[in-house]
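Trainee: Contents of final.cif (mmCIF, C-alpha atoms):
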```cif
data_model
#
loop_
_atom_site.label_atom_id
_atom_site.label_comp_id
_atom_site.auth_asym_id
_atom_site.auth_seq_id
_atom_site.Cartn_x
_atom_site.Cartn_y
_atom_site.Cartn_z
CA MET A 1 -123.49 116.79 -18.79
CA SER A 2 -124.65 113.20 -18.54
CA ARG A 3 -123.57 111.06 -15.65
CA GLN A 4 -122.10 108.49 -18.06
CA VAL A 5 -119.70 111.05 -19.55
CA ARG A 6 -118.57 112.20 -16.11
CA LEU A 7 -117.99 108.60 -15.09
CA LEU A 8 -115.95 108.02 -18.25
CA GLU A 9 -113.86 111.14 -17.54
CA ALA A 10 -113.24 109.88 -14.01
CA GLU A 11 -112.30 106.44 -15.29
CA LEU A 12 -109.87 107.82 -17.88
CA GLY A 13 -108.55 110.60 -15.69
CA VAL A 14 -108.92 113.24 -18.42
CA ARG A 15 -111.42 115.96 -19.32
CA LEU A 16 -113.34 115.05 -22.48
CA PHE A 17 -115.23 118.35 -22.84
CA ASP A 18 -114.59 122.00 -22.07
CA ARG A 19 -117.76 123.45 -20.53
CA HIS A 20 -118.84 127.05 -20.89
CA GLY A 21 -122.02 129.08 -20.68
CA ARG A 22 -123.07 128.33 -24.23
CA GLY A 23 -122.49 124.60 -24.13
CA MET A 24 -119.41 122.42 -24.41
CA VAL A 25 -116.64 121.60 -26.87
CA ALA A 26 -114.73 118.34 -27.14
CA THR A 27 -111.12 118.48 -25.98
CA GLU A 28 -108.26 116.80 -27.83
CA ALA A 29 -108.65 113.83 -25.51
CA GLY A 30 -112.39 113.80 -26.22
CA LEU A 31 -111.79 113.75 -29.97
CA ALA A 32 -109.34 110.86 -29.55
CA VAL A 33 -111.92 108.90 -27.55
CA LEU A 34 -114.51 109.62 -30.24
CA ARG A 35 -112.20 108.25 -32.96
CA HIS A 36 -111.58 105.09 -30.97
CA ALA A 37 -115.29 104.71 -30.25
CA GLY A 38 -116.00 105.00 -33.97
CA ARG A 39 -113.58 102.20 -34.72
CA VAL A 40 -115.12 100.04 -31.98
CA MET A 41 -118.60 100.59 -33.41
CA ALA A 42 -117.34 99.75 -36.89
CA GLU A 43 -115.81 96.52 -35.60
CA LEU A 44 -119.11 95.66 -33.90
CA GLU A 45 -121.03 96.18 -37.15
CA GLU A 46 -118.49 94.08 -39.03
CA LEU A 47 -118.88 91.32 -36.42
CA ARG A 48 -122.63 91.37 -37.05
CA ALA A 49 -122.03 91.32 -40.81
CA SER A 50 -119.63 88.37 -40.59
CA VAL A 51 -122.29 86.12 -39.05
CA ALA A 52 -125.16 87.42 -41.20
CA GLY A 53 -126.39 85.46 -44.19
CA GLU A 54 -125.20 86.37 -47.68
CA ASP A 55 -128.62 87.78 -48.56
CA THR A 56 -129.00 89.82 -45.38
CA PRO A 57 -128.92 93.62 -45.89
CA LEU A 58 -126.05 95.07 -43.91
CA ARG A 59 -125.95 97.96 -41.48
CA GLY A 60 -122.98 100.13 -40.65
CA HIS A 61 -121.02 102.90 -42.31
CA VAL A 62 -118.68 103.11 -45.30
CA ALA A 63 -116.86 106.15 -46.67
CA VAL A 64 -115.74 106.30 -50.31
CA GLY A 65 -113.39 108.97 -51.65
CA MET A 66 -113.23 110.04 -55.30
CA PRO A 67 -111.80 112.85 -57.41
CA PRO A 68 -114.54 115.44 -58.12
CA THR A 69 -114.97 114.52 -61.79
CA VAL A 70 -115.31 110.82 -60.96
CA SER A 71 -117.81 111.61 -58.20
CA ASP A 72 -120.00 113.33 -60.79
CA LEU A 73 -120.02 110.09 -62.80
CA LEU A 74 -120.45 107.45 -60.10
CA SER A 75 -122.25 108.96 -57.11
CA VAL A 76 -125.86 108.52 -58.24
CA ARG A 77 -125.35 104.90 -59.31
CA LEU A 78 -123.41 104.06 -56.15
CA VAL A 79 -126.08 105.57 -53.90
CA THR A 80 -128.81 103.77 -55.85
CA ALA A 81 -127.05 100.42 -55.45
CA PHE A 82 -126.66 100.90 -51.68
CA GLN A 83 -130.27 101.98 -51.23
CA GLU A 84 -131.50 98.92 -53.08
CA ARG A 85 -129.13 96.33 -51.57
CA HIS A 86 -128.24 97.74 -48.12
CA PRO A 87 -130.85 100.40 -47.29
CA GLU A 88 -129.92 100.53 -43.59
CA ALA A 89 -126.24 101.25 -44.28
CA THR A 90 -124.81 104.75 -44.17
CA LEU A 91 -122.75 105.80 -47.21
CA ARG A 92 -120.47 108.82 -47.20
CA ILE A 93 -119.00 110.09 -50.47
CA VAL A 94 -115.98 112.38 -50.23
CA SER A 95 -114.71 114.41 -53.20
CA ALA A 96 -111.04 115.41 -53.11
CA TYR A 97 -107.79 115.11 -55.03
CA SER A 98 -105.67 111.97 -54.84
CA ALA A 99 -103.08 113.24 -52.34
CA SER A 100 -105.78 114.01 -49.75
CA LEU A 101 -107.57 110.72 -50.42
CA VAL A 102 -104.37 108.72 -49.84
CA ASP A 103 -103.81 110.51 -46.53
CA TRP A 104 -107.39 109.88 -45.36
CA LEU A 105 -107.18 106.21 -46.34
CA ARG A 106 -104.04 105.76 -44.29
CA ARG A 107 -105.61 107.51 -41.30
CA GLY A 108 -108.76 105.41 -41.51
CA GLU A 109 -111.07 108.33 -42.27
CA ILE A 110 -112.31 106.69 -45.48
CA ASN A 111 -112.53 103.01 -46.42
CA VAL A 112 -112.20 103.01 -50.22
CA ALA A 113 -110.78 105.53 -52.68
CA ILE A 114 -110.51 106.02 -56.41
CA LEU A 115 -107.11 107.52 -57.22
CA TYR A 116 -105.41 108.76 -60.34
CA GLY A 117 -102.35 106.61 -61.03
CA THR A 118 -99.87 107.46 -58.34
CA ARG A 119 -97.28 105.79 -56.15
CA THR A 120 -99.22 104.83 -53.06
CA GLY A 121 -96.62 102.74 -51.27
CA SER A 122 -97.12 99.46 -49.41
CA SER A 123 -99.70 100.86 -46.98
CA LEU A 124 -102.46 100.57 -49.59
CA THR A 125 -103.83 97.72 -51.68
CA VAL A 126 -104.56 99.01 -55.19
CA THR A 127 -106.42 97.52 -58.16
CA PRO A 128 -106.40 99.09 -61.64
CA LEU A 129 -109.85 100.41 -62.59
CA ILE A 130 -109.71 102.10 -66.02
CA GLU A 131 -107.30 103.79 -68.39
CA GLU A 132 -109.22 106.99 -69.15
CA THR A 133 -108.61 108.34 -72.66
CA LEU A 134 -108.22 112.10 -73.17
CA ALA A 135 -109.58 113.93 -76.21
CA LEU A 136 -109.44 117.30 -77.92
CA ILE A 137 -112.31 119.43 -76.58
CA GLY A 138 -113.49 122.21 -78.87
CA PRO A 139 -115.91 125.16 -78.75
CA PRO A 140 -119.37 125.32 -80.35
CA THR A 141 -118.21 128.33 -82.38
CA GLU A 142 -115.94 126.05 -84.43
CA PRO A 143 -117.11 123.09 -86.55
CA PRO A 144 -116.39 119.73 -84.92
CA ARG A 145 -113.50 117.77 -86.38
CA ALA A 146 -114.68 115.07 -88.75
CA GLY A 147 -112.31 112.41 -87.49
CA PRO A 148 -109.30 111.69 -85.30
CA VAL A 149 -106.79 114.54 -85.03
CA GLY A 150 -103.04 114.21 -85.17
CA ALA A 151 -100.20 116.27 -83.75
CA ASP A 152 -100.05 118.45 -86.87
CA ASP A 153 -103.79 119.19 -86.68
CA ILE A 154 -103.53 120.96 -83.32
CA ALA A 155 -100.58 123.18 -84.26
CA GLY A 156 -101.60 126.80 -83.90
CA LEU A 157 -104.58 126.12 -81.62
CA ARG A 158 -104.85 128.15 -78.44
CA PHE A 159 -105.06 125.85 -75.40
CA PHE A 160 -106.33 126.12 -71.85
CA LEU A 161 -104.80 123.45 -69.61
CA PRO A 162 -104.26 122.70 -65.92
CA SER A 163 -101.19 124.28 -64.33
CA VAL A 164 -97.72 122.74 -64.49
CA GLY A 165 -97.41 120.04 -61.84
CA ASN A 166 -101.05 119.01 -62.11
CA GLY A 167 -101.29 115.29 -62.89
CA LEU A 168 -103.43 115.85 -65.97
CA ARG A 169 -101.04 118.48 -67.32
CA THR A 170 -98.14 116.05 -66.84
CA VAL A 171 -99.98 113.39 -68.86
CA VAL A 172 -100.66 115.84 -71.70
CA GLU A 173 -97.07 117.12 -71.76
CA HIS A 174 -95.62 113.59 -71.87
CA TRP A 175 -97.95 112.77 -74.76
CA ALA A 176 -96.98 115.96 -76.61
CA GLU A 177 -93.29 115.19 -76.18
CA ALA A 178 -93.75 111.62 -77.43
CA THR A 179 -95.80 112.64 -80.50
CA GLY A 180 -94.10 115.93 -81.33
CA ALA A 181 -97.30 117.89 -80.74
CA SER A 182 -96.94 121.63 -80.12
CA LEU A 183 -99.09 123.09 -77.34
CA ASP A 184 -99.70 126.83 -77.26
CA VAL A 185 -100.94 127.20 -73.68
CA ARG A 186 -102.34 130.68 -73.06
CA VAL A 187 -104.20 130.13 -69.78
CA GLU A 188 -103.72 127.65 -66.93
CA ALA A 189 -106.62 126.65 -64.68
CA ASP A 190 -106.98 123.66 -62.35
CA SER A 191 -110.78 123.79 -62.30
CA TYR A 192 -112.72 121.67 -64.79
CA ALA A 193 -115.56 124.18 -64.64
CA THR A 194 -113.19 127.00 -65.59
CA LEU A 195 -111.58 125.05 -68.43
CA LYS A 196 -114.84 123.98 -70.00
CA GLY A 197 -116.30 127.47 -69.53
CA LEU A 198 -113.39 129.03 -71.38
CA VAL A 199 -113.72 126.56 -74.23
CA ALA A 200 -117.51 126.95 -74.38
CA SER A 201 -117.02 130.71 -74.73
CA GLY A 202 -115.16 130.11 -77.99
CA ARG A 203 -111.80 131.34 -76.75
CA GLY A 204 -109.77 128.18 -77.32
CA TYR A 205 -109.43 124.43 -76.84
CA THR A 206 -108.46 122.02 -74.10
CA ILE A 207 -107.49 118.35 -73.68
CA LEU A 208 -109.58 116.50 -71.13
CA PRO A 209 -111.35 113.19 -70.51
CA VAL A 210 -114.76 113.10 -72.18
CA ALA A 211 -116.75 111.52 -69.35
CA PRO A 212 -117.11 114.55 -67.04
CA LEU A 213 -118.09 116.67 -70.07
CA HIS A 214 -120.61 114.17 -71.45
CA GLY A 215 -123.64 116.34 -70.68
CA ASP A 216 -122.11 119.46 -72.24
CA ILE A 217 -121.13 117.52 -75.36
CA ALA A 218 -124.58 115.98 -75.70
CA ALA A 219 -126.14 119.44 -75.36
CA GLY A 220 -123.87 120.90 -78.06
CA ARG A 221 -122.03 123.26 -75.71
CA LEU A 222 -118.76 121.48 -76.50
CA TRP A 223 -117.51 118.86 -78.95
CA HIS A 224 -114.73 116.31 -78.75
CA ALA A 225 -112.44 114.58 -81.21
CA PRO A 226 -110.22 111.56 -80.49
CA PHE A 227 -106.52 111.68 -81.18
CA ALA A 228 -105.02 109.65 -84.00
CA GLY A 229 -102.41 107.13 -82.97
CA PRO A 230 -101.50 106.83 -79.31
CA ALA A 231 -103.86 109.07 -77.34
CA PRO A 232 -103.00 110.56 -73.96
CA PHE A 233 -104.54 108.63 -71.09
CA ARG A 234 -104.41 108.41 -67.32
CA ARG A 235 -104.97 105.39 -65.12
CA LEU A 236 -107.44 105.27 -62.25
CA LEU A 237 -106.96 102.89 -59.32
CA LEU A 238 -109.18 101.51 -56.60
CA ALA A 239 -107.44 101.58 -53.23
CA THR A 240 -108.11 100.18 -49.76
CA PRO A 241 -105.85 100.17 -46.67
CA ALA A 242 -103.45 97.24 -46.57
CA ASP A 243 -103.00 97.25 -42.80
CA ARG A 244 -106.58 96.46 -41.82
CA ALA A 245 -109.40 94.21 -43.00
CA THR A 246 -111.81 95.52 -45.64
CA SER A 247 -115.39 95.36 -44.40
CA ARG A 248 -118.17 93.67 -46.34
CA LEU A 249 -119.75 97.07 -47.01
CA ALA A 250 -116.45 98.39 -48.36
CA ARG A 251 -116.08 95.30 -50.56
CA TYR A 252 -119.60 95.88 -51.86
CA ALA A 253 -118.66 99.48 -52.69
CA VAL A 254 -115.58 98.26 -54.58
CA ARG A 255 -117.58 95.74 -56.60
CA THR A 256 -120.28 98.30 -57.39
CA ILE A 257 -117.68 100.81 -58.59
CA GLU A 258 -116.10 98.19 -60.83
CA GLU A 259 -119.45 97.17 -62.32
CA THR A 260 -120.55 100.78 -62.80
CA THR A 261 -117.28 101.66 -64.51
CA ARG A 262 -117.74 98.81 -66.96
CA ALA A 263 -121.36 99.82 -67.62
CA LEU A 264 -120.40 103.45 -68.28
CA ALA A 265 -117.67 102.30 -70.66
CA ASP A 266 -120.13 100.01 -72.48
CA GLU A 267 -122.53 102.96 -72.81
CA GLY A 268 -119.80 105.10 -74.35
CA VAL A 269 -119.91 107.61 -71.49
CA TRP A 270 -116.55 106.72 -69.96
CA GLN A 271 -114.05 106.39 -72.78
CA GLY A 272 -111.04 104.23 -72.15
CA ARG A 273 -109.89 100.69 -71.44
CA VAL A 274 -111.54 99.06 -68.45
CA LEU A 275 -109.01 97.23 -66.31
CA ALA A 276 -111.15 96.09 -63.39
CA GLY A 277 -112.84 92.73 -63.10
CA THR A 278 -116.44 92.39 -62.06
CA GLY A 279 -115.64 90.81 -58.72
CA GLY A 280 -118.06 88.24 -57.44
CA GLY A 281 -119.23 86.60 -54.30
CA GLU A 282 -119.68 89.76 -52.25
CA PRO A 283 -123.13 90.89 -51.07
#
```
Write the structure described by the file as structure tokens, please.

Mentor:
Amino acid sequence: MSRQVRLLEAELGVRLFDRHGRGMVATEAGLAVLRHAGRVMAELEELRASVAGEDTPLRGHVAVGMPPTVSDLLSVRLVTAFQERHPEATLRIVSAYSASLVDWLRRGEINVAILYGTRTGSSLTVTPLIEETLALIGPPTEPPRAGPVGADDIAGLRFFLPSVGNGLRTVVEHWAEATGASLDVRVEADSYATLKGLVASGRGYTILPVAPLHGDIAAGRLWHAPFAGPAPFRRLLLATPADRATSRLARYAVRTIEETTRALADEGVWQGRVLAGTGGGEP
């Protein structure tokens, strides 16, 4: 054990580590000190960034949380942007569902999050990102639909959908109720991999956003057809904590996500209505 740690324990009057024959493990007090130290280091890096020139590459750490399907779309482009603009910065990408991301934002464990439209309360600052359009996803064993499909066209189809209570399932059910569509749901699964695997096997259909399935559709393992009239959609939001300042690195992550979202929509990969601006002025 280093002398500095023992001096810190003496100064604080608590034990920071439990020692044993195989090493040592941080105590609860030690973990609390580590969290505070992390925040102090982050503040120090932000102080350096605040006096640096606009063209100066930044150092420090930023953590960005995303739903798994969005991470598949954005991660490579986000990492590329950071490596080119701020190569000395450390970027952490966390994949989780919205409820966990909201909790981690509030606790300061991540700096930015992409959330599916949800009530976040006043503790977060949110900006609309994109309204993601859902489509009918069909198997390669059936011929692709020639054009948009209506409520009557899906009557009698066997569907695989997320379980009741899942946000995506709620969106689909509200759309079905509004349009009079009948959904014959035979299997429920909350995993995208499971849903697309079931459809690819020729056993039925699903209703999902096209973007996370883009590779499978391009390879002919699946096909998609838009819905006629009002299509089901879900809104994605960009969120940052409202009770503390957003660092320059976090603002750069936000701007990069907005620009990447618009580029993917322009390329036809991410289907929907882009809501975010392109920002401006941030490094």

Trainee: (-104.8, 127.3, -84.3) in this file's frame - what residues fall within 10 Å of it? Use all atoms listed in the file and give the answer as a list in words.

Mentor: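 Residues close enough to count: Asp153, Ile154, Ala155, Gly156, Leu157, Arg158, Phe159, Leu183, Asp184, Gly204 and Tyr205 of chain A.
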
Trainee: Need to verify the contact set: range 160-164 of chain A, 6 Å, only C-alpha atoms, exclusion of same-chain residues closer than 2 positions in sequence. Can you return it as a list in words?

Mentor: Asn166, Arg169, Val185, Val187, Glu188, Ala189, Asp190 and Thr206 of chain A

Trainee: Using only C-alpha atoms, please write the residues we just selected to a file, as a short mmCIF file (atom, residue, chain, number, x, y, z; two decimals), in the coordinates of the input.

Mentor:
```cif
data_model
loop_
_atom_site.label_atom_id
_atom_site.label_comp_id
_atom_site.auth_asym_id
_atom_site.auth_seq_id
_atom_site.Cartn_x
_atom_site.Cartn_y
_atom_site.Cartn_z
CA ASN A 166 -101.05 119.01 -62.11
CA ARG A 169 -101.04 118.48 -67.32
CA VAL A 185 -100.94 127.20 -73.68
CA VAL A 187 -104.20 130.13 -69.78
CA GLU A 188 -103.72 127.65 -66.93
CA ALA A 189 -106.62 126.65 -64.68
CA ASP A 190 -106.98 123.66 -62.35
CA THR A 206 -108.46 122.02 -74.10
#
```

Trainee: Kindly provide the residues of range 164-244 of chain A that approach range 90-108 of chain A to within 12 Å, each paired with its closest atom pair and their distance in Å to one decimal, based on only C-alpha atoms, listed by chain and increasing number, as a Markdown table.

Mentor:
```
| residue | atom | partner | partner_atom | distance |
| --- | --- | --- | --- | --- |
| A:Asn166 | CA | A:Tyr97 | CA | 10.5 |
| A:Gly167 | CA | A:Ser98 | CA | 9.7 |
| A:Leu168 | CA | A:Tyr97 | CA | 11.8 |
| A:Asp190 | CA | A:Tyr97 | CA | 11.3 |
| A:Ser191 | CA | A:Tyr97 | CA | 11.7 |
| A:Leu236 | CA | A:Ser98 | CA | 10.1 |
| A:Leu237 | CA | A:Ser98 | CA | 10.2 |
| A:Leu238 | CA | A:Val102 | CA | 11.0 |
| A:Ala239 | CA | A:Leu105 | CA | 8.3 |
| A:Thr240 | CA | A:Leu105 | CA | 7.0 |
| A:Pro241 | CA | A:Leu105 | CA | 6.2 |
| A:Ala242 | CA | A:Arg106 | CA | 8.8 |
| A:Asp243 | CA | A:Arg106 | CA | 8.7 |
| A:Arg244 | CA | A:Gly108 | CA | 9.2 |
```

Trainee: Give me the residues of range 137-238 of chain A that have any atom at most 9 Å from an atom of range 66-71 of chain A; for each, the nearest atom pair and the distance in Å, rounded to one decimal. Use all atoms listed in the file, sort by chain and number, and format it as a Markdown table.

Mentor:
```
| residue | atom | partner | partner_atom | distance |
| --- | --- | --- | --- | --- |
| A:Tyr192 | CA | A:Thr69 | CA | 8.1 |
| A:Ala211 | CA | A:Thr69 | CA | 8.3 |
| A:Pro212 | CA | A:Thr69 | CA | 5.7 |
```

Trainee: Evaluating the PyMOL selection byres ((chain A and resi 234) around 10) on the displayed file yields which residues, as a list in words?

Mentor: Tyr116, Gly117, Ile130, Glu131, Glu132, Thr133, Leu134, Gly167, Leu168, Thr170, Val171, Val172, Pro209, Pro232, Phe233, Arg235, Leu236 and Gly272 of chain A

Trainee: Take the PyMOL selection byres ((chain A and resi 57) around 6), run it mentally on this structure, and tell me the resulting residues as a ChimeraX atom specification.

Mentor: /A:56,58,86

Trainee: Please determine, counting only C-alpha atoms, which residue among A:Ser201, A:Asn111, A:Thr27, A:Thr80 has the shortest atom-to-atom distance to Thr246 in chain A.

Mentor: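 Looking at the shortest contact to Thr246 in chain A, the residue is A:Asn111.
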
Trainee: Just to confirm, what's the straight-line distance from CA of Val269 in chain A to CA of Leu78 in chain A in Å (one decimal)?

Mentor: 16.1 Å

Trainee: Restricting the calculation to only C-alpha atoms: of A:Leu16, A:Val112, A:Val79, A:Ala225, which residue gets closest to Gly65 in chain A?

Mentor: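 The answer is A:Val112, which sits nearest to Gly65 in chain A.
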
Trainee: Compare A:Arg186, A:Lys196, A:Arg255, A:Arg203 by their minimum atom-to-atom distance to Ile217 in chain A, counting only C-alpha atoms, and give me the closest one.

Mentor: A:Lys196

Trainee: Please measure the separation of CA of Val199 in chain A and CA of Gly138 in chain A, giving the value in Å to one decimal.

Mentor: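 Computing it gives 6.4 Å between the two atoms.
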
Trainee: Measuring atom to atom with all atoms listed in the file, identify which of A:Gly197, A:Gly60, A:Gly121, A:Pro128 is nearest to Arg273 in chain A.

Mentor: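 Once distances to Arg273 in chain A are computed over all atoms listed in the file, the minimum belongs to A:Pro128.
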
Trainee: Go through A:Ala193, A:Val25, A:Val210, A:Val64 one by one, measure the shortest atom-to-atom distance of each to Gly268 in chain A using only C-alpha atoms, and give the residue with the smallest value.

Mentor: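 Once distances to Gly268 in chain A are computed over only C-alpha atoms, the minimum belongs to A:Val210.
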